[in-house]
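Scroll down for the structure; my scribbles are underneath it.
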Amino acid sequence: MQKEISIAPMLDWTDCHFRFFLRQICHHALLYTEMINEHAIVMGNKERILSFNTLEKPLVLQIGGSNPELMAQSASIAEEYGFQEININAGCPSERVQAGEFGASLMAKPELIAFCIEKMRAKTRLPITIKTRIALEGPGDGHKELNHFIQTISSVGCKKFIIHARKARLKGLSPKENREKMPLNYPLVYQIKEEFPNLQIIINGNITSFEEIDSHLEKTDGVMIGRYAYANPYFLALIDSKYYSDNHAIPTREEIIENMIPYLEDKLKQGIKLHAMTRHMMGLYYKQPRAKEFKKTIMTSDLNELKNFLKR
């Protein structure tokens, strides 16, 4: 089976503009939408929320929800819009998400997730996958809870689990603090792969180098890269050749900007503000000599300044 490299769904970050930008750098890594609520998918402006450029594929729709009927309807709509997979968020610890009865709070309700998946599979042929954490904060290492969680959900046909290798605390910590204060436990994810060899187990959590990716791939089926892909997107330029046997010429940073210009011009004509798009490009010169100049250019919200940057 092909080992999978993916970029994590990140609220307010992995929108269509960021995904289009990433596709100028990396062709094959699996991309995810931001988490989109089941109510928004079923009752909202579908074209605005779900439409995407075909260049963004392969692309997964991540859904936040726990209402079986709405999740089923969302699954059907996702297939209509051309997504490759549907992913259920069962790991986000933000209080806003908890209030909607989805995200990390669903780790305590694997039977409900399983029921949602049964309903969803009746409405779509797309694979249904789960992104979760090891467990909710509590005694022990979380192995018992995670094993039960995966057993329950895999029994209804879910074959792929993306595991952020931390526990989650639902009260008293922000999502950022959950990342910083809850310790990583990669060996537990490796153990889960040994216990469920027929499932696809993807590991996630503070992975920031090719050495780390290679090490994780020895023990799991894939690696999901999170915030580092946003901070240093050009890091992804080697993904295609290293993991997908695609040795196309790697674009320079300047070529990536040039490729983005027509996209930015087109979206400006549609009334989208420049900074809503270029803010995602801020890390292109991460730790490069021109990083400060590039960030200053991006902050001007003037497309001509970006073009002048290329000329300089």
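Chain identifiers are assigned as A, B, and so on, following the order in which chains appear in the structure tokens; residues are numbered from 1 within each chain, and ligands are numbered from 1 in order of appearance.
Once A:Leu268 and its same-chain neighbours fewer than 4 positions away are set aside, Ile261, Pro262, Tyr263, Leu264, Ile272, Lys273, Leu274, His275, Ala276, Met277, Thr278, Ser301, Asp302 and Leu303 of chain A remain within 12 Å of it when counting only C-alpha atoms.
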Could you write those residues out with N, CA and C atoms, as an mmCIF file, in the first residue's frame?
```cif
data_model
loop_
_atom_site.group_PDB
_atom_site.id
_atom_site.type_symbol
_atom_site.label_atom_id
_atom_site.label_comp_id
_atom_site.auth_asym_id
_atom_site.auth_seq_id
_atom_site.Cartn_x
_atom_site.Cartn_y
_atom_site.Cartn_z
ATOM 1 N N ILE A 261 0.097 34.526 -9.355
ATOM 2 C CA ILE A 261 -0.374 35.842 -9.788
ATOM 3 C C ILE A 261 -1.694 35.762 -10.566
ATOM 4 N N PRO A 262 -1.827 34.910 -11.608
ATOM 5 C CA PRO A 262 -3.110 34.859 -12.333
ATOM 6 C C PRO A 262 -4.274 34.464 -11.437
ATOM 7 N N TYR A 263 -4.029 33.548 -10.494
ATOM 8 C CA TYR A 263 -5.073 33.145 -9.551
ATOM 9 C C TYR A 263 -5.516 34.329 -8.703
ATOM 10 N N LEU A 264 -4.554 35.061 -8.186
ATOM 11 C CA LEU A 264 -4.863 36.217 -7.341
ATOM 12 C C LEU A 264 -5.621 37.279 -8.133
ATOM 13 N N ILE A 272 -12.755 39.128 -3.875
ATOM 14 C CA ILE A 272 -12.049 38.582 -2.722
ATOM 15 C C ILE A 272 -10.860 39.478 -2.402
ATOM 16 N N LYS A 273 -10.688 39.807 -1.144
ATOM 17 C CA LYS A 273 -9.604 40.703 -0.735
ATOM 18 C C LYS A 273 -8.258 39.989 -0.863
ATOM 19 N N LEU A 274 -7.263 40.734 -1.293
ATOM 20 C CA LEU A 274 -5.956 40.148 -1.556
ATOM 21 C C LEU A 274 -5.369 39.492 -0.321
ATOM 22 N N HIS A 275 -5.459 40.164 0.822
ATOM 23 C CA HIS A 275 -4.821 39.611 2.028
ATOM 24 C C HIS A 275 -5.470 38.304 2.471
ATOM 25 N N ALA A 276 -6.739 38.102 2.137
ATOM 26 C CA ALA A 276 -7.400 36.833 2.473
ATOM 27 C C ALA A 276 -6.722 35.660 1.781
ATOM 28 N N MET A 277 -6.033 35.952 0.676
ATOM 29 C CA MET A 277 -5.327 34.904 -0.073
ATOM 30 C C MET A 277 -3.832 34.896 0.225
ATOM 31 N N THR A 278 -3.210 36.072 0.181
ATOM 32 C CA THR A 278 -1.752 36.112 0.320
ATOM 33 C C THR A 278 -1.281 35.831 1.747
ATOM 34 N N SER A 301 -0.907 44.323 0.984
ATOM 35 C CA SER A 301 -2.169 44.047 0.284
ATOM 36 C C SER A 301 -2.255 44.773 -1.051
ATOM 37 N N ASP A 302 -1.112 44.831 -1.737
ATOM 38 C CA ASP A 302 -1.028 45.479 -3.050
ATOM 39 C C ASP A 302 -0.368 44.490 -4.004
ATOM 40 N N LEU A 303 -1.128 44.006 -4.970
ATOM 41 C CA LEU A 303 -0.605 42.996 -5.893
ATOM 42 C C LEU A 303 0.583 43.514 -6.688
#
```
Please build the interface table for stretch 3-49 of chain A against stretch 191-207 of chain A with a cut-off of 10 Å, listing for each qualifying residue the nearest atom pair and the distance in Å to one decimal; count only C-alpha atoms, order rows by chain and increasing number, and write it as CSV.
```
residue,atom,partner,partner_atom,distance
A:Lys3,CA,A:Ile202,CA,9.2
A:Glu4,CA,A:Ile202,CA,7.7
A:Ile5,CA,A:Ile202,CA,8.7
A:Ser6,CA,A:Ile202,CA,9.1
A:Ile7,CA,A:Asn204,CA,9.6
A:Ala8,CA,A:Asn204,CA,8.2
```
Quick one: which stretch 127-192 of chain A residues come within 8 Å of stretch 105-114 of chain A, and what is the nearest atom pair for each with the distance in Å to one decimal, counting only C-alpha atoms, rows ordered by chain and ascending number, as a tab-separated table?
```
residue	atom	partner	partner_atom	distance
A:Thr132	CA	A:Met107	CA	7.4
A:Arg133	CA	A:Met107	CA	7.9
A:Ala135	CA	A:Met107	CA	6.6
A:Leu136	CA	A:Met107	CA	6.9
A:Phe149	CA	A:Pro110	CA	5.5
A:Thr152	CA	A:Pro110	CA	6.3
A:Ile153	CA	A:Ala114	CA	5.0
A:Ser155	CA	A:Ala114	CA	8.0
A:Val156	CA	A:Ala114	CA	6.2
A:Leu170	CA	A:Ser105	CA	7.4
```
Return the single residue from A:Glu137, A:Phe83, A:Ala231, A:Trp13 that is closest to A:Leu173, with distances computed using only C-alpha atoms.
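Between A:Glu137, A:Phe83, A:Ala231, A:Trp13, the residue approaching A:Leu173 most closely is A:Glu137.
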Of A:Ala122, A:Met299, A:Arg19, A:Tyr32, the one nearest to A:Pro68 when counting only C-alpha atoms is A:Ala122
Just to confirm, what's the straight-line distance from atom CA of A:Ser66 to atom CA of A:Asn185 in Å (one decimal)?
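Pair atom CA of A:Ser66 / atom CA of A:Asn185 returns 27.2 Å.
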Between atom CA of A:Phe294 and atom CA of A:Leu236, what distance in Å does the model show, to one decimal?
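Rounded to one decimal, the two atoms are 19.0 Å apart.
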Quick one: pick out all strand (DSSP E or B) residues within stretch 59-295 of chain A from a backbone DSSP run and write them as a VMD selection string.
chain A and resid 59 to 64 85 to 90 128 to 133 136 160 to 164 168 200 to 204 222 to 225
Output N, CA, C and O atoms for every residue in the selection just made, as a CSV table (one decimal), in the first residue's frame.
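The file below, out_17.csv, is the result:
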```
chain,number,residue,atom,x,y,z
A,59,LEU,N,-8.4,15.7,-2.5
A,59,LEU,CA,-8.9,16.6,-1.5
A,59,LEU,C,-10.0,15.8,-0.6
A,59,LEU,O,-10.9,15.2,-1.2
A,60,VAL,N,-9.9,16.0,0.7
A,60,VAL,CA,-10.8,15.4,1.6
A,60,VAL,C,-11.7,16.5,2.3
A,60,VAL,O,-11.2,17.5,2.7
A,61,LEU,N,-13.0,16.2,2.4
A,61,LEU,CA,-13.9,17.1,3.2
A,61,LEU,C,-13.9,16.6,4.6
A,61,LEU,O,-14.3,15.5,4.9
A,62,GLN,N,-13.5,17.5,5.5
A,62,GLN,CA,-13.7,17.2,7.0
A,62,GLN,C,-15.0,17.8,7.5
A,62,GLN,O,-15.2,19.0,7.3
A,63,ILE,N,-15.8,17.0,8.1
A,63,ILE,CA,-17.0,17.4,8.7
A,63,ILE,C,-17.0,17.4,10.2
A,63,ILE,O,-16.5,16.4,10.8
A,64,GLY,N,-17.6,18.4,10.8
A,64,GLY,CA,-17.8,18.4,12.2
A,64,GLY,C,-19.3,18.2,12.5
A,64,GLY,O,-20.1,19.0,12.0
A,85,GLU,N,-12.6,11.8,-0.2
A,85,GLU,CA,-12.9,11.1,1.1
A,85,GLU,C,-13.8,12.1,1.9
A,85,GLU,O,-13.8,13.3,1.7
A,86,ILE,N,-14.3,11.5,3.0
A,86,ILE,CA,-15.0,12.3,4.0
A,86,ILE,C,-14.4,11.9,5.3
A,86,ILE,O,-14.2,10.8,5.6
A,87,ASN,N,-14.0,13.0,6.1
A,87,ASN,CA,-13.3,12.7,7.4
A,87,ASN,C,-14.2,13.3,8.5
A,87,ASN,O,-14.6,14.5,8.4
A,88,ILE,N,-14.3,12.6,9.5
A,88,ILE,CA,-15.1,13.0,10.7
A,88,ILE,C,-14.1,13.6,11.7
A,88,ILE,O,-13.2,12.9,12.1
A,89,ASN,N,-14.3,14.8,12.2
A,89,ASN,CA,-13.5,15.4,13.2
A,89,ASN,C,-13.9,14.8,14.6
A,89,ASN,O,-15.0,15.2,15.1
A,90,ALA,N,-13.0,14.1,15.2
A,90,ALA,CA,-13.3,13.6,16.6
A,90,ALA,C,-12.1,13.9,17.4
A,90,ALA,O,-11.7,13.0,18.3
A,128,ILE,N,-15.2,6.8,4.5
A,128,ILE,CA,-15.4,7.6,5.6
A,128,ILE,C,-14.2,7.3,6.6
A,128,ILE,O,-14.0,6.2,7.0
A,129,THR,N,-13.5,8.4,7.0
A,129,THR,CA,-12.4,8.2,7.9
A,129,THR,C,-12.5,9.1,9.1
A,129,THR,O,-13.4,9.9,9.2
A,130,ILE,N,-11.7,8.8,10.1
A,130,ILE,CA,-11.8,9.5,11.4
A,130,ILE,C,-10.4,10.2,11.7
A,130,ILE,O,-9.4,9.6,11.6
A,131,LYS,N,-10.5,11.5,12.2
A,131,LYS,CA,-9.3,12.1,12.8
A,131,LYS,C,-9.6,12.3,14.3
A,131,LYS,O,-10.6,12.9,14.7
A,132,THR,N,-8.7,11.7,15.1
A,132,THR,CA,-9.0,11.7,16.5
A,132,THR,C,-7.7,11.9,17.3
A,132,THR,O,-6.6,12.2,16.7
A,133,ARG,N,-7.8,11.8,18.6
A,133,ARG,CA,-6.6,11.8,19.5
A,133,ARG,C,-6.5,10.5,20.2
A,133,ARG,O,-7.4,9.6,20.0
A,136,LEU,N,-9.4,11.1,25.8
A,136,LEU,CA,-9.6,12.2,26.6
A,136,LEU,C,-8.7,12.1,27.8
A,136,LEU,O,-8.3,11.0,28.2
A,160,LYS,N,-9.8,3.8,8.1
A,160,LYS,CA,-8.6,4.7,8.2
A,160,LYS,C,-8.8,5.6,9.3
A,160,LYS,O,-9.8,6.3,9.5
A,161,PHE,N,-7.8,5.7,10.2
A,161,PHE,CA,-7.8,6.5,11.4
A,161,PHE,C,-6.5,7.4,11.4
A,161,PHE,O,-5.4,6.9,11.3
A,162,ILE,N,-6.7,8.7,11.5
A,162,ILE,CA,-5.6,9.6,11.7
A,162,ILE,C,-5.6,10.0,13.2
A,162,ILE,O,-6.6,10.5,13.7
A,163,ILE,N,-4.5,9.6,13.8
A,163,ILE,CA,-4.4,9.8,15.2
A,163,ILE,C,-3.4,10.8,15.6
A,163,ILE,O,-2.2,10.7,15.4
A,164,HIS,N,-3.9,11.9,16.2
A,164,HIS,CA,-3.0,12.9,16.8
A,164,HIS,C,-2.5,12.3,18.1
A,164,HIS,O,-3.3,12.0,19.0
A,168,ALA,N,-6.5,14.7,24.9
A,168,ALA,CA,-7.1,16.0,24.8
A,168,ALA,C,-7.8,16.3,26.1
A,168,ALA,O,-8.4,15.5,26.8
A,200,GLN,N,-5.7,1.3,8.2
A,200,GLN,CA,-4.8,2.3,7.8
A,200,GLN,C,-4.6,3.3,9.0
A,200,GLN,O,-5.6,4.0,9.3
A,201,ILE,N,-3.5,3.3,9.5
A,201,ILE,CA,-3.2,4.2,10.7
A,201,ILE,C,-2.2,5.3,10.3
A,201,ILE,O,-1.1,5.0,9.9
A,202,ILE,N,-2.7,6.5,10.4
A,202,ILE,CA,-1.9,7.7,10.0
A,202,ILE,C,-1.5,8.4,11.3
A,202,ILE,O,-2.4,8.7,12.1
A,203,ILE,N,-0.3,8.8,11.4
A,203,ILE,CA,0.2,9.5,12.7
A,203,ILE,C,0.3,11.0,12.4
A,203,ILE,O,0.7,11.5,11.4
A,204,ASN,N,-0.1,11.8,13.5
A,204,ASN,CA,-0.1,13.2,13.4
A,204,ASN,C,0.4,13.8,14.8
A,204,ASN,O,0.2,13.2,15.8
A,222,GLY,N,1.2,6.2,7.3
A,222,GLY,CA,1.2,7.5,6.7
A,222,GLY,C,1.5,8.6,7.8
A,222,GLY,O,1.4,8.3,9.0
A,223,VAL,N,1.8,9.8,7.4
A,223,VAL,CA,2.1,10.9,8.2
A,223,VAL,C,1.3,12.1,7.8
A,223,VAL,O,1.2,12.4,6.6
A,224,MET,N,0.7,12.7,8.8
A,224,MET,CA,0.0,14.0,8.6
A,224,MET,C,0.8,15.1,9.2
A,224,MET,O,1.1,15.1,10.4
A,225,ILE,N,1.1,16.1,8.4
A,225,ILE,CA,1.9,17.2,8.8
A,225,ILE,C,0.9,18.4,9.1
A,225,ILE,O,0.0,18.7,8.3
```
Of the candidates A:Ala104, A:Met120, A:Val189, A:Met10, which one gets nearest to A:Leu146 if we count only C-alpha atoms?
A:Val189
Find, counting only C-alpha atoms, the residue in A:Glu145, A:Glu38, A:Glu79, A:Asp240 that gets nearest to A:Glu101.
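Closest to A:Glu101, using only C-alpha atoms: A:Glu38.
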d(atom CA of A:Gly44, atom CA of A:Cys16) in Å
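Going from atom CA of A:Gly44 over to atom CA of A:Cys16, I get 17.2 Å.
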